[in-house]
Amino acid sequence: MTTSDDTSHIHPPERSRQPFQAVAMPVERASTIVFDDLEAFETRAERVYDGFSYGLYGTPTSRLLEDHIARLEGAARALVVPSGMAAMTLATMAVCRSGDRILMPETLYGPARDMILRFLGPLGIAAQSYDPRLDAGIAGLLDERTRLVWVESPGSGTFEVQDVPAIVAAAHQAGALVAADNTWASHLLFKPLAHGVDISMQALSKHAGGHGDLLMGSLAVRDEGLFRRLKDTARFLGYGVSPEDCALCERGLMTMPVRMRHAAATAVEIVSWLSRRPEVTRILHPAMPDHPGHAVWKRDFAGAAAVFSIVLRPELAPLQNEVLRRMRLFKLGASWGGVHSLIAVNDPRKGRTSLDWLPSGPVWRLSIGLEALEDLIGDLEQAFAPFAEFATASKAVGRRAAE
Ligand SMILES: *Cc1c(COP(=O)(O)O)cnc(C)c1O
């Protein structure tokens, strides 16, 4: 059949599909999907969970990534969504209905706490914060309305380690599900489903993406029924992921173990350097033997991520901006898990009642990237100069006052 020029712009000549075998994940784009016959078209909704019915509900690229995440999480099924935050909203909305109650640790990712309180609260879903150190004691907060318990271990910013198996046992006893924000450890260092958690969530934007240029989140579950509830909710919310982003995420996954191990080894050296600095009064890192959650971390985790916090002497607070501006390699930024080293400055005391143990003073969260150790220490050393001058000057003042 010969076609007009207009039609030829839309239909390239047919070409046989010879096998093309690349090691990279193929990127297949689609909103529209077409079908061979009427029966296939009319039954397309049945393929929402596994096959292909419309680009929004899954492409060969997104399904491959989901299968990969499921395998890495030790899950039956996994779902990828546009961000870690989207994953948290999705998991919570899929499980909870008006009249239900959520328990969330005070350390839960801040924007998710906001979403639960300010978005789901007015929809009739109640939430109560709990001290992340409660562990088995959470049994005292569970009631018959409690549908979901969130955990985040270690917690954002202050790195309390939670006894996840103990929380799971109490929650299941009371008929509640447990969802874990496992972004810090990722599936590589902690497998929530193996510890009884029902929904394992991670922000793939962090360690998996790994280069500060990708937004994606995942949910992994053991149970097909729960997967379908999540998938339905994702459909109702109109969540979809682009195949380019999936391929970027897959590319990140391939190097993730090597990047994480390298950054963790660098972080250990930086922690050791920081622990000798007079400016630093406390290091919040689960791998430190004096960390309160160290024993549970050692029991449950296969290692540590290169993300931890330090507490500075309170009198150094006015010098923070000057010191941060002097940093050449460490950038001021809230994310983590990428090749670039970052520092985030957040006051974890805001809105918390369980921080009596934290010494006063500014809290900095460091995410160690893949720059060379000596360059990172050199950067901290030169940037810390105003701190050191201040300490020397205040010591001199102290000496004069004592005389
Ligand atoms: C970054 C992050 C999120 C949110 O992920 P986004 O992809 O940025 O939306 C959730 N939880 C934790 C612990 C995070 O660090």
# chains A, B, ... in the order shown; residues from 1 in each chain; ligands from 1

call {"tool": "residues_near_ligand", "arguments": {"ligand": "ligand 1", "cutoff": "8 Å", "atoms": "only C-alpha atoms and all ligand atoms", "output": "PyMOL selection string"}}
result
chain A and resi 82-88+108-109+111-112+152+155-156+181-184+202-206+215-217+335-336

call {"tool": "write_last_selection", "arguments": {"atoms": "C-alpha atoms", "output": "compact mmCIF listing (two decimals), in the first residue's frame"}}
result
# COMPACT_ATOMS: atom_id res chain seq x y z
CA PRO A 82 7.86 8.95 41.19
CA SER A 83 9.65 9.67 44.50
CA GLY A 84 10.35 8.39 47.99
CA MET A 85 7.72 10.80 49.26
CA ALA A 86 5.19 9.41 46.76
CA ALA A 87 5.96 5.92 48.07
CA MET A 88 5.27 7.00 51.66
CA LEU A 108 10.12 9.78 60.62
CA TYR A 109 11.10 11.73 57.48
CA PRO A 111 7.69 15.78 54.95
CA ALA A 112 6.00 12.40 55.54
CA GLU A 152 12.53 4.44 60.25
CA GLY A 155 15.97 7.83 62.16
CA SER A 156 16.60 10.84 59.94
CA ASP A 181 11.39 3.70 55.57
CA ASN A 182 14.63 1.88 54.81
CA THR A 183 16.29 4.68 52.84
CA TRP A 184 19.40 4.95 55.06
CA GLN A 202 13.00 3.29 50.13
CA ALA A 203 13.79 6.52 48.38
CA LEU A 204 15.68 5.25 45.32
CA SER A 205 16.60 8.93 44.83
CA LYS A 206 19.38 8.36 47.38
CA LEU A 215 13.78 11.00 41.87
CA MET A 216 12.15 7.64 42.51
CA GLY A 217 10.77 5.54 45.34
CA SER A 335 19.86 14.95 50.20
CA TRP A 336 22.23 12.02 50.69

call {"tool": "closest_atom_pairs", "arguments": {"of": "segment 155-225 of chain A", "to": "segment 355-379 of chain A", "cutoff": "10 Å", "atoms": "only C-alpha atoms", "output": "Markdown table"}}
result
| residue | atom | partner | partner_atom | distance |
| --- | --- | --- | --- | --- |
| A:Ser156 | CA | A:Arg365 | CA | 9.1 |
| A:Gly157 | CA | A:Arg365 | CA | 6.4 |
| A:Thr158 | CA | A:Arg365 | CA | 8.6 |
| A:Gly210 | CA | A:Gly369 | CA | 9.2 |
| A:His211 | CA | A:Gly369 | CA | 9.4 |

call {"tool": "write_last_selection", "arguments": {"atoms": "all heavy atoms", "output": "PDB file, in the first residue's frame"}}
result
ATOM      1  N   SER A 156      16.024   9.679  60.644  1.00  0.00           N
ATOM      2  CA  SER A 156      16.602  10.841  59.943  1.00  0.00           C
ATOM      3  C   SER A 156      17.171  11.842  60.941  1.00  0.00           C
ATOM      4  O   SER A 156      16.467  12.284  61.829  1.00  0.00           O
ATOM      5  CB  SER A 156      15.519  11.564  59.136  1.00  0.00           C
ATOM      6  OG  SER A 156      15.194  10.854  57.971  1.00  0.00           O
ATOM      7  N   GLY A 157      18.412  12.171  60.796  1.00  0.00           N
ATOM      8  CA  GLY A 157      18.991  13.266  61.583  1.00  0.00           C
ATOM      9  C   GLY A 157      19.688  12.844  62.858  1.00  0.00           C
ATOM     10  O   GLY A 157      20.847  13.181  63.075  1.00  0.00           O
ATOM     11  N   THR A 158      18.976  12.069  63.700  1.00  0.00           N
ATOM     12  CA  THR A 158      19.578  11.729  65.000  1.00  0.00           C
ATOM     13  C   THR A 158      19.952  10.252  65.121  1.00  0.00           C
ATOM     14  O   THR A 158      20.583   9.845  66.088  1.00  0.00           O
ATOM     15  CB  THR A 158      18.639  12.137  66.151  1.00  0.00           C
ATOM     16  OG1 THR A 158      17.288  11.808  65.772  1.00  0.00           O
ATOM     17  CG2 THR A 158      18.720  13.634  66.393  1.00  0.00           C
ATOM     18  N   GLY A 210      22.027   7.676  43.252  1.00  0.00           N
ATOM     19  CA  GLY A 210      23.449   7.799  43.557  1.00  0.00           C
ATOM     20  C   GLY A 210      24.203   8.965  42.962  1.00  0.00           C
ATOM     21  O   GLY A 210      25.381   9.140  43.250  1.00  0.00           O
ATOM     22  N   HIS A 211      23.563   9.762  42.118  1.00  0.00           N
ATOM     23  CA  HIS A 211      24.314  10.851  41.480  1.00  0.00           C
ATOM     24  C   HIS A 211      23.603  12.192  41.610  1.00  0.00           C
ATOM     25  O   HIS A 211      23.920  13.147  40.891  1.00  0.00           O
ATOM     26  CB  HIS A 211      24.562  10.536  39.998  1.00  0.00           C
ATOM     27  CG  HIS A 211      25.429   9.321  39.804  1.00  0.00           C
ATOM     28  ND1 HIS A 211      24.966   8.038  40.009  1.00  0.00           N
ATOM     29  CD2 HIS A 211      26.731   9.199  39.450  1.00  0.00           C
ATOM     30  CE1 HIS A 211      25.948   7.184  39.783  1.00  0.00           C
ATOM     31  NE2 HIS A 211      27.030   7.856  39.446  1.00  0.00           N
TER      32      HIS A 211
END

call {"tool": "residues_around", "arguments": {"residues": "Ile69 of chain A", "least_positions_apart": "3", "cutoff": "12 Å", "atoms": "only C-alpha atoms", "output": "MDAnalysis selection string"}}
result
chainID A and resid 62:66 72:80 186:188 191 200:202 204 208 217:221 246 249:250 253:254

call {"tool": "write_last_selection", "arguments": {"atoms": "C-alpha atoms", "output": "mmCIF file, in the first residue's frame"}}
result
data_model
loop_
_atom_site.group_PDB
_atom_site.id
_atom_site.type_symbol
_atom_site.label_atom_id
_atom_site.label_comp_id
_atom_site.auth_asym_id
_atom_site.auth_seq_id
_atom_site.Cartn_x
_atom_site.Cartn_y
_atom_site.Cartn_z
ATOM 1 C CA SER A 62 9.399 -0.246 34.717
ATOM 2 C CA ARG A 63 8.435 -3.927 35.141
ATOM 3 C CA LEU A 64 12.077 -4.980 34.793
ATOM 4 C CA LEU A 65 13.148 -2.491 37.452
ATOM 5 C CA GLU A 66 10.320 -3.627 39.736
ATOM 6 C CA LEU A 72 16.975 -7.364 46.001
ATOM 7 C CA GLU A 73 14.403 -6.790 48.767
ATOM 8 C CA GLY A 74 13.588 -10.506 49.068
ATOM 9 C CA ALA A 75 10.023 -9.551 48.145
ATOM 10 C CA ALA A 76 7.278 -11.201 46.123
ATOM 11 C CA ARG A 77 6.413 -7.923 44.430
ATOM 12 C CA ALA A 78 7.694 -4.362 44.187
ATOM 13 C CA LEU A 79 6.319 -1.130 42.819
ATOM 14 C CA VAL A 80 8.260 1.930 41.681
ATOM 15 C CA SER A 186 18.729 0.393 51.612
ATOM 16 C CA HIS A 187 18.035 -3.252 50.757
ATOM 17 C CA LEU A 188 21.791 -3.800 50.723
ATOM 18 C CA LYS A 191 16.155 -6.317 54.573
ATOM 19 C CA SER A 200 9.585 -2.012 52.743
ATOM 20 C CA MET A 201 9.910 1.505 51.377
ATOM 21 C CA GLN A 202 12.999 3.287 50.135
ATOM 22 C CA LEU A 204 15.683 5.253 45.321
ATOM 23 C CA ALA A 208 20.263 3.680 44.127
ATOM 24 C CA GLY A 217 10.770 5.544 45.344
ATOM 25 C CA SER A 218 9.899 1.888 45.801
ATOM 26 C CA LEU A 219 7.597 -0.276 47.877
ATOM 27 C CA ALA A 220 8.259 -3.992 48.283
ATOM 28 C CA VAL A 221 5.926 -6.569 49.828
ATOM 29 C CA CYS A 246 13.864 3.558 35.419
ATOM 30 C CA CYS A 249 17.862 3.872 38.430
ATOM 31 C CA GLU A 250 18.880 0.461 37.070
ATOM 32 C CA LEU A 253 21.758 -0.096 41.143
ATOM 33 C CA MET A 254 24.570 -1.796 39.238
#

call {"tool": "atom_distance", "arguments": {"atom1": "atom CA of Glu315 of chain A", "atom2": "atom CA of Val345 of chain A"}}
result
15.9 Å

call {"tool": "select_by_dssp", "arguments": {"residues": "segment 201-259 of chain A", "states": "strand (DSSP E or B)", "output": "PyMOL selection string"}}
result
chain A and resi 201-203+217-221

call {"tool": "write_last_selection", "arguments": {"atoms": "N, CA and C atoms", "output": "CSV table (one decimal), in the first residue's frame"}}
result
chain,number,residue,atom,x,y,z
A,201,MET,N,9.9,0.3,52.3
A,201,MET,CA,9.9,1.5,51.4
A,201,MET,C,11.3,2.1,51.3
A,202,GLN,N,11.8,2.5,50.2
A,202,GLN,CA,13.0,3.3,50.1
A,202,GLN,C,12.9,4.4,49.1
A,203,ALA,N,13.6,5.5,49.4
A,203,ALA,CA,13.8,6.5,48.4
A,203,ALA,C,15.0,6.1,47.5
A,217,GLY,N,11.0,6.3,44.1
A,217,GLY,CA,10.8,5.5,45.3
A,217,GLY,C,10.3,4.2,45.1
A,218,SER,N,10.4,3.2,46.0
A,218,SER,CA,9.9,1.9,45.8
A,218,SER,C,9.2,1.4,47.1
A,219,LEU,N,8.3,0.5,46.8
A,219,LEU,CA,7.6,-0.3,47.9
A,219,LEU,C,7.7,-1.7,47.5
A,220,ALA,N,8.1,-2.6,48.5
A,220,ALA,CA,8.3,-4.0,48.3
A,220,ALA,C,7.5,-4.7,49.3
A,221,VAL,N,6.8,-5.8,48.9
A,221,VAL,CA,5.9,-6.6,49.8
A,221,VAL,C,6.0,-8.1,49.6

call {"tool": "atom_distance", "arguments": {"atom1": "atom CA of Met93 of chain A", "atom2": "atom CA of Arg29 of chain A"}}
result
28.3 Å

call {"tool": "residues_around", "arguments": {"residues": "segment 318-333 of chain A", "least_positions_apart": "3", "cutoff": "6 Å", "atoms": "only C-alpha atoms", "output": "list in words"}}
result
Ser341, Leu342, Ile343, Ala344, Ala383 and Phe384 of chain A

call {"tool": "residues_around", "arguments": {"residues": "Phe52 of chain A", "least_positions_apart": "4", "cutoff": "12 Å", "atoms": "only C-alpha atoms", "output": "list in words"}}
result
Ala30, Ser31, Thr32, Ile33, Val34, Phe35, Ala40, Phe41, Thr43, Arg44, Ala45, Glu46, Arg47, Val48, Leu56, Tyr57, Gly58, Thr59, Pro60, Thr61, Ser62 and Arg63 of chain A

call {"tool": "closest_residue", "arguments": {"among": "A:Leu284, A:Trp273, A:Gln21, A:Leu316", "to": "Ser394 of chain A", "atoms": "only C-alpha atoms"}}
result
A:Leu316

call {"tool": "closest_residue", "arguments": {"among": "A:Asp100, A:Asp232, A:Glu381, A:Asp37", "to": "Ile270 of chain A", "atoms": "only C-alpha atoms"}}
result
A:Glu381

call {"tool": "residues_around", "arguments": {"residues": "Arg101 of chain A", "least_positions_apart": "6", "cutoff": "12 Å", "atoms": "only C-alpha atoms", "output": "PDB file with N, CA, C and O atoms, in the first residue's frame"}}
result
ATOM      1  N   THR A  92       0.759   4.682  52.882  1.00  0.00           N
ATOM      2  CA  THR A  92      -0.129   5.071  53.977  1.00  0.00           C
ATOM      3  C   THR A  92      -1.584   5.103  53.501  1.00  0.00           C
ATOM      4  O   THR A  92      -2.486   4.611  54.179  1.00  0.00           O
ATOM      5  N   MET A  93      -1.808   5.671  52.315  1.00  0.00           N
ATOM      6  CA  MET A  93      -3.179   5.780  51.814  1.00  0.00           C
ATOM      7  C   MET A  93      -3.754   4.431  51.400  1.00  0.00           C
ATOM      8  O   MET A  93      -4.961   4.225  51.462  1.00  0.00           O
ATOM      9  N   VAL A  95      -3.262   1.628  52.908  1.00  0.00           N
ATOM     10  CA  VAL A  95      -3.548   0.807  54.084  1.00  0.00           C
ATOM     11  C   VAL A  95      -4.628   1.425  54.977  1.00  0.00           C
ATOM     12  O   VAL A  95      -5.433   0.715  55.561  1.00  0.00           O
ATOM     13  N   ILE A 116       1.138  13.053  56.843  1.00  0.00           N
ATOM     14  CA  ILE A 116       0.242  12.247  57.687  1.00  0.00           C
ATOM     15  C   ILE A 116      -0.613  13.169  58.570  1.00  0.00           C
ATOM     16  O   ILE A 116      -1.821  12.974  58.689  1.00  0.00           O
ATOM     17  N   LEU A 117       0.005  14.192  59.147  1.00  0.00           N
ATOM     18  CA  LEU A 117      -0.737  15.064  60.064  1.00  0.00           C
ATOM     19  C   LEU A 117      -1.642  16.041  59.324  1.00  0.00           C
ATOM     20  O   LEU A 117      -2.796  16.227  59.683  1.00  0.00           O
ATOM     21  N   LEU A 120      -3.599  13.684  55.743  1.00  0.00           N
ATOM     22  CA  LEU A 120      -4.458  12.558  56.103  1.00  0.00           C
ATOM     23  C   LEU A 120      -5.277  12.845  57.356  1.00  0.00           C
ATOM     24  O   LEU A 120      -6.382  12.315  57.514  1.00  0.00           O
ATOM     25  N   GLY A 121      -4.762  13.714  58.245  1.00  0.00           N
ATOM     26  CA  GLY A 121      -5.496  14.079  59.468  1.00  0.00           C
ATOM     27  C   GLY A 121      -6.901  14.575  59.142  1.00  0.00           C
ATOM     28  O   GLY A 121      -7.903  14.007  59.614  1.00  0.00           O
ATOM     29  N   LEU A 123      -8.640  14.027  56.676  1.00  0.00           N
ATOM     30  CA  LEU A 123      -9.445  12.977  56.028  1.00  0.00           C
ATOM     31  C   LEU A 123      -9.911  11.932  57.047  1.00  0.00           C
ATOM     32  O   LEU A 123     -10.458  10.892  56.667  1.00  0.00           O
ATOM     33  N   GLY A 124      -9.637  12.191  58.325  1.00  0.00           N
ATOM     34  CA  GLY A 124     -10.156  11.306  59.370  1.00  0.00           C
ATOM     35  C   GLY A 124      -9.198  10.207  59.802  1.00  0.00           C
ATOM     36  O   GLY A 124      -9.587   9.263  60.489  1.00  0.00           O
ATOM     37  N   ILE A 125      -7.938  10.304  59.381  1.00  0.00           N
ATOM     38  CA  ILE A 125      -6.943   9.314  59.795  1.00  0.00           C
ATOM     39  C   ILE A 125      -6.102   9.935  60.912  1.00  0.00           C
ATOM     40  O   ILE A 125      -5.427  10.938  60.687  1.00  0.00           O
ATOM     41  N   ALA A 126      -6.177   9.340  62.092  1.00  0.00           N
ATOM     42  CA  ALA A 126      -5.472   9.900  63.244  1.00  0.00           C
ATOM     43  C   ALA A 126      -4.034   9.396  63.272  1.00  0.00           C
ATOM     44  O   ALA A 126      -3.738   8.334  62.720  1.00  0.00           O
ATOM     45  N   ALA A 127      -3.149  10.175  63.880  1.00  0.00           N
ATOM     46  CA  ALA A 127      -1.752   9.745  63.979  1.00  0.00           C
ATOM     47  C   ALA A 127      -1.215  10.109  65.343  1.00  0.00           C
ATOM     48  O   ALA A 127      -1.574  11.137  65.909  1.00  0.00           O
ATOM     49  N   GLN A 128      -0.368   9.234  65.859  1.00  0.00           N
ATOM     50  CA  GLN A 128       0.318   9.545  67.114  1.00  0.00           C
ATOM     51  C   GLN A 128       1.812   9.312  66.923  1.00  0.00           C
ATOM     52  O   GLN A 128       2.228   8.289  66.366  1.00  0.00           O
ATOM     53  N   SER A 129       2.603  10.269  67.395  1.00  0.00           N
ATOM     54  CA  SER A 129       4.057  10.130  67.338  1.00  0.00           C
ATOM     55  C   SER A 129       4.524   9.301  68.522  1.00  0.00           C
ATOM     56  O   SER A 129       3.910   9.338  69.586  1.00  0.00           O
ATOM     57  N   LEU A 141       0.943   1.499  73.064  1.00  0.00           N
ATOM     58  CA  LEU A 141       0.301   2.549  72.255  1.00  0.00           C
ATOM     59  C   LEU A 141      -0.658   1.975  71.211  1.00  0.00           C
ATOM     60  O   LEU A 141      -1.412   2.694  70.581  1.00  0.00           O
ATOM     61  N   LEU A 142      -0.590   0.662  71.009  1.00  0.00           N
ATOM     62  CA  LEU A 142      -1.416   0.050  69.964  1.00  0.00           C
ATOM     63  C   LEU A 142      -2.832  -0.163  70.470  1.00  0.00           C
ATOM     64  O   LEU A 142      -3.033  -0.563  71.609  1.00  0.00           O
ATOM     65  N   ASP A 143      -3.816   0.123  69.627  1.00  0.00           N
ATOM     66  CA  ASP A 143      -5.198  -0.229  69.982  1.00  0.00           C
ATOM     67  C   ASP A 143      -5.886  -0.812  68.748  1.00  0.00           C
ATOM     68  O   ASP A 143      -5.250  -0.968  67.698  1.00  0.00           O
ATOM     69  N   GLU A 144      -7.167  -1.140  68.882  1.00  0.00           N
ATOM     70  CA  GLU A 144      -7.830  -1.854  67.770  1.00  0.00           C
ATOM     71  C   GLU A 144      -8.014  -0.965  66.540  1.00  0.00           C
ATOM     72  O   GLU A 144      -8.257  -1.462  65.442  1.00  0.00           O
ATOM     73  N   ARG A 145      -7.878   0.355  66.699  1.00  0.00           N
ATOM     74  CA  ARG A 145      -7.995   1.243  65.538  1.00  0.00           C
ATOM     75  C   ARG A 145      -6.666   1.401  64.801  1.00  0.00           C
ATOM     76  O   ARG A 145      -6.629   1.930  63.693  1.00  0.00           O
ATOM     77  N   THR A 146      -5.562   0.992  65.431  1.00  0.00           N
ATOM     78  CA  THR A 146      -4.244   1.217  64.824  1.00  0.00           C
ATOM     79  C   THR A 146      -4.057   0.285  63.625  1.00  0.00           C
ATOM     80  O   THR A 146      -4.051  -0.937  63.763  1.00  0.00           O
ATOM     81  N   ARG A 147      -3.929   0.862  62.457  1.00  0.00           N
ATOM     82  CA  ARG A 147      -3.852   0.085  61.227  1.00  0.00           C
ATOM     83  C   ARG A 147      -2.409  -0.037  60.745  1.00  0.00           C
ATOM     84  O   ARG A 147      -2.017  -0.998  60.116  1.00  0.00           O
ATOM     85  N   LEU A 148      -1.608   0.994  61.032  1.00  0.00           N
ATOM     86  CA  LEU A 148      -0.268   1.045  60.434  1.00  0.00           C
ATOM     87  C   LEU A 148       0.726   1.636  61.429  1.00  0.00           C
ATOM     88  O   LEU A 148       0.447   2.649  62.081  1.00  0.00           O
ATOM     89  N   VAL A 149       1.893   0.985  61.509  1.00  0.00           N
ATOM     90  CA  VAL A 149       3.002   1.510  62.314  1.00  0.00           C
ATOM     91  C   VAL A 149       4.154   1.779  61.356  1.00  0.00           C
ATOM     92  O   VAL A 149       4.616   0.867  60.660  1.00  0.00           O
ATOM     93  N   TRP A 150       4.587   3.026  61.283  1.00  0.00           N
ATOM     94  CA  TRP A 150       5.772   3.346  60.497  1.00  0.00           C
ATOM     95  C   TRP A 150       7.014   3.186  61.373  1.00  0.00           C
ATOM     96  O   TRP A 150       6.976   3.490  62.571  1.00  0.00           O
ATOM     97  N   GLY A 175      -2.827  -6.557  65.298  1.00  0.00           N
ATOM     98  CA  GLY A 175      -3.527  -6.513  64.013  1.00  0.00           C
ATOM     99  C   GLY A 175      -3.148  -5.340  63.123  1.00  0.00           C
ATOM    100  O   GLY A 175      -3.881  -5.003  62.198  1.00  0.00           O
ATOM    101  N   ALA A 176      -1.993  -4.710  63.398  1.00  0.00           N
ATOM    102  CA  ALA A 176      -1.547  -3.579  62.571  1.00  0.00           C
ATOM    103  C   ALA A 176      -0.445  -4.030  61.614  1.00  0.00           C
ATOM    104  O   ALA A 176       0.276  -4.995  61.892  1.00  0.00           O
ATOM    105  N   LEU A 177      -0.328  -3.336  60.500  1.00  0.00           N
ATOM    106  CA  LEU A 177       0.772  -3.585  59.569  1.00  0.00           C
ATOM    107  C   LEU A 177       1.943  -2.671  59.914  1.00  0.00           C
ATOM    108  O   LEU A 177       1.765  -1.625  60.551  1.00  0.00           O
TER     109      LEU A 177
END

call {"tool": "closest_residue", "arguments": {"among": "A:Leu189, A:Ala385, A:Val81, A:Val168", "to": "Val241 of chain A", "atoms": "only C-alpha atoms"}}
result
A:Val81

call {"tool": "select_by_dssp", "arguments": {"residues": "segment 172-350 of chain A", "states": "helix (DSSP H, G or I)", "output": "PyMOL selection string"}}
result
chain A and resi 172-173+186-189+192-195+224-237+243-275+294-300+314-326

call {"tool": "atom_distance", "arguments": {"atom1": "atom CA of Leu312 of chain A", "atom2": "atom CA of His340 of chain A"}}
result
22.5 Å

call {"tool": "closest_atom_pairs", "arguments": {"of": "segment 184-265 of chain A", "to": "segment 300-311 of chain A", "cutoff": "6 Å", "atoms": "only C-alpha atoms", "output": "JSON lines"}}
result
{"residue": "A:Ala185", "atom": "CA", "partner": "A:Ala305", "partner_atom": "CA", "distance": 5.9}
{"residue": "A:Leu189", "atom": "CA", "partner": "A:Ala302", "partner_atom": "CA", "distance": 4.6}
{"residue": "A:Phe190", "atom": "CA", "partner": "A:Phe301", "partner_atom": "CA", "distance": 5.1}
{"residue": "A:Ala263", "atom": "CA", "partner": "A:Ala306", "partner_atom": "CA", "distance": 5.6}
{"residue": "A:Ala264", "atom": "CA", "partner": "A:Ala306", "partner_atom": "CA", "distance": 4.5}

call {"tool": "write_last_selection", "arguments": {"atoms": "N, CA, C and O atoms", "output": "PDB file, in the first residue's frame"}}
result
ATOM      1  N   ALA A 185      19.657   2.537  55.126  1.00  0.00           N
ATOM      2  CA  ALA A 185      20.397   1.282  54.929  1.00  0.00           C
ATOM      3  C   ALA A 185      20.256   0.782  53.491  1.00  0.00           C
ATOM      4  O   ALA A 185      21.195   0.189  52.953  1.00  0.00           O
ATOM      5  N   LEU A 189      21.859  -3.204  53.095  1.00  0.00           N
ATOM      6  CA  LEU A 189      22.352  -3.332  54.467  1.00  0.00           C
ATOM      7  C   LEU A 189      21.293  -3.791  55.465  1.00  0.00           C
ATOM      8  O   LEU A 189      21.618  -4.140  56.598  1.00  0.00           O
ATOM      9  N   PHE A 190      20.037  -3.728  55.071  1.00  0.00           N
ATOM     10  CA  PHE A 190      18.966  -4.193  55.966  1.00  0.00           C
ATOM     11  C   PHE A 190      17.799  -4.631  55.098  1.00  0.00           C
ATOM     12  O   PHE A 190      17.403  -3.897  54.192  1.00  0.00           O
ATOM     13  N   ALA A 263      32.134   4.619  50.028  1.00  0.00           N
ATOM     14  CA  ALA A 263      31.765   5.800  50.814  1.00  0.00           C
ATOM     15  C   ALA A 263      31.755   5.470  52.306  1.00  0.00           C
ATOM     16  O   ALA A 263      32.168   6.284  53.140  1.00  0.00           O
ATOM     17  N   ALA A 264      31.305   4.254  52.659  1.00  0.00           N
ATOM     18  CA  ALA A 264      31.251   3.874  54.078  1.00  0.00           C
ATOM     19  C   ALA A 264      32.658   3.807  54.658  1.00  0.00           C
ATOM     20  O   ALA A 264      32.897   4.227  55.805  1.00  0.00           O
TER      21      ALA A 264
END

call {"tool": "decode", "arguments": {"residues": "segment 325-338 of chain A", "atoms": "N, CA and C atoms", "output": "mmCIF file, in the first residue's frame"}}
result
data_model
loop_
_atom_site.group_PDB
_atom_site.id
_atom_site.type_symbol
_atom_site.label_atom_id
_atom_site.label_comp_id
_atom_site.auth_asym_id
_atom_site.auth_seq_id
_atom_site.Cartn_x
_atom_site.Cartn_y
_atom_site.Cartn_z
ATOM 1 N N ARG A 325 30.405 28.200 54.293
ATOM 2 C CA ARG A 325 30.735 28.903 53.046
ATOM 3 C C ARG A 325 32.166 28.668 52.599
ATOM 4 N N ARG A 326 33.011 28.291 53.549
ATOM 5 C CA ARG A 326 34.413 28.013 53.198
ATOM 6 C C ARG A 326 34.590 26.627 52.565
ATOM 7 N N MET A 327 33.592 25.760 52.729
ATOM 8 C CA MET A 327 33.724 24.392 52.200
ATOM 9 C C MET A 327 33.815 24.448 50.678
ATOM 10 N N ARG A 328 34.753 23.697 50.123
ATOM 11 C CA ARG A 328 34.912 23.623 48.677
ATOM 12 C C ARG A 328 34.261 22.355 48.118
ATOM 13 N N LEU A 329 34.437 21.232 48.798
ATOM 14 C CA LEU A 329 33.893 19.956 48.314
ATOM 15 C C LEU A 329 32.544 19.646 48.952
ATOM 16 N N PHE A 330 32.437 19.816 50.254
ATOM 17 C CA PHE A 330 31.158 19.587 50.933
ATOM 18 C C PHE A 330 30.201 20.705 50.561
ATOM 19 N N LYS A 331 29.075 20.345 49.951
ATOM 20 C CA LYS A 331 28.059 21.339 49.612
ATOM 21 C C LYS A 331 26.949 21.283 50.657
ATOM 22 N N LEU A 332 26.309 22.423 50.846
ATOM 23 C CA LEU A 332 25.191 22.514 51.774
ATOM 24 C C LEU A 332 23.941 22.013 51.050
ATOM 25 N N GLY A 333 23.434 20.852 51.447
ATOM 26 C CA GLY A 333 22.289 20.278 50.739
ATOM 27 C C GLY A 333 21.639 19.197 51.572
ATOM 28 N N ALA A 334 20.337 19.000 51.357
ATOM 29 C CA ALA A 334 19.566 18.134 52.252
ATOM 30 C C ALA A 334 19.530 16.668 51.831
ATOM 31 N N SER A 335 19.985 16.337 50.647
ATOM 32 C CA SER A 335 19.860 14.952 50.204
ATOM 33 C C SER A 335 21.001 14.101 50.764
ATOM 34 N N TRP A 336 21.110 12.870 50.276
ATOM 35 C CA TRP A 336 22.231 12.015 50.691
ATOM 36 C C TRP A 336 22.388 10.853 49.747
ATOM 37 N N GLY A 337 23.471 10.108 49.923
ATOM 38 C CA GLY A 337 23.629 8.858 49.197
ATOM 39 C C GLY A 337 24.200 8.998 47.793
ATOM 40 N N GLY A 338 24.663 10.193 47.423
ATOM 41 C CA GLY A 338 25.204 10.384 46.083
ATOM 42 C C GLY A 338 26.723 10.441 46.072
#
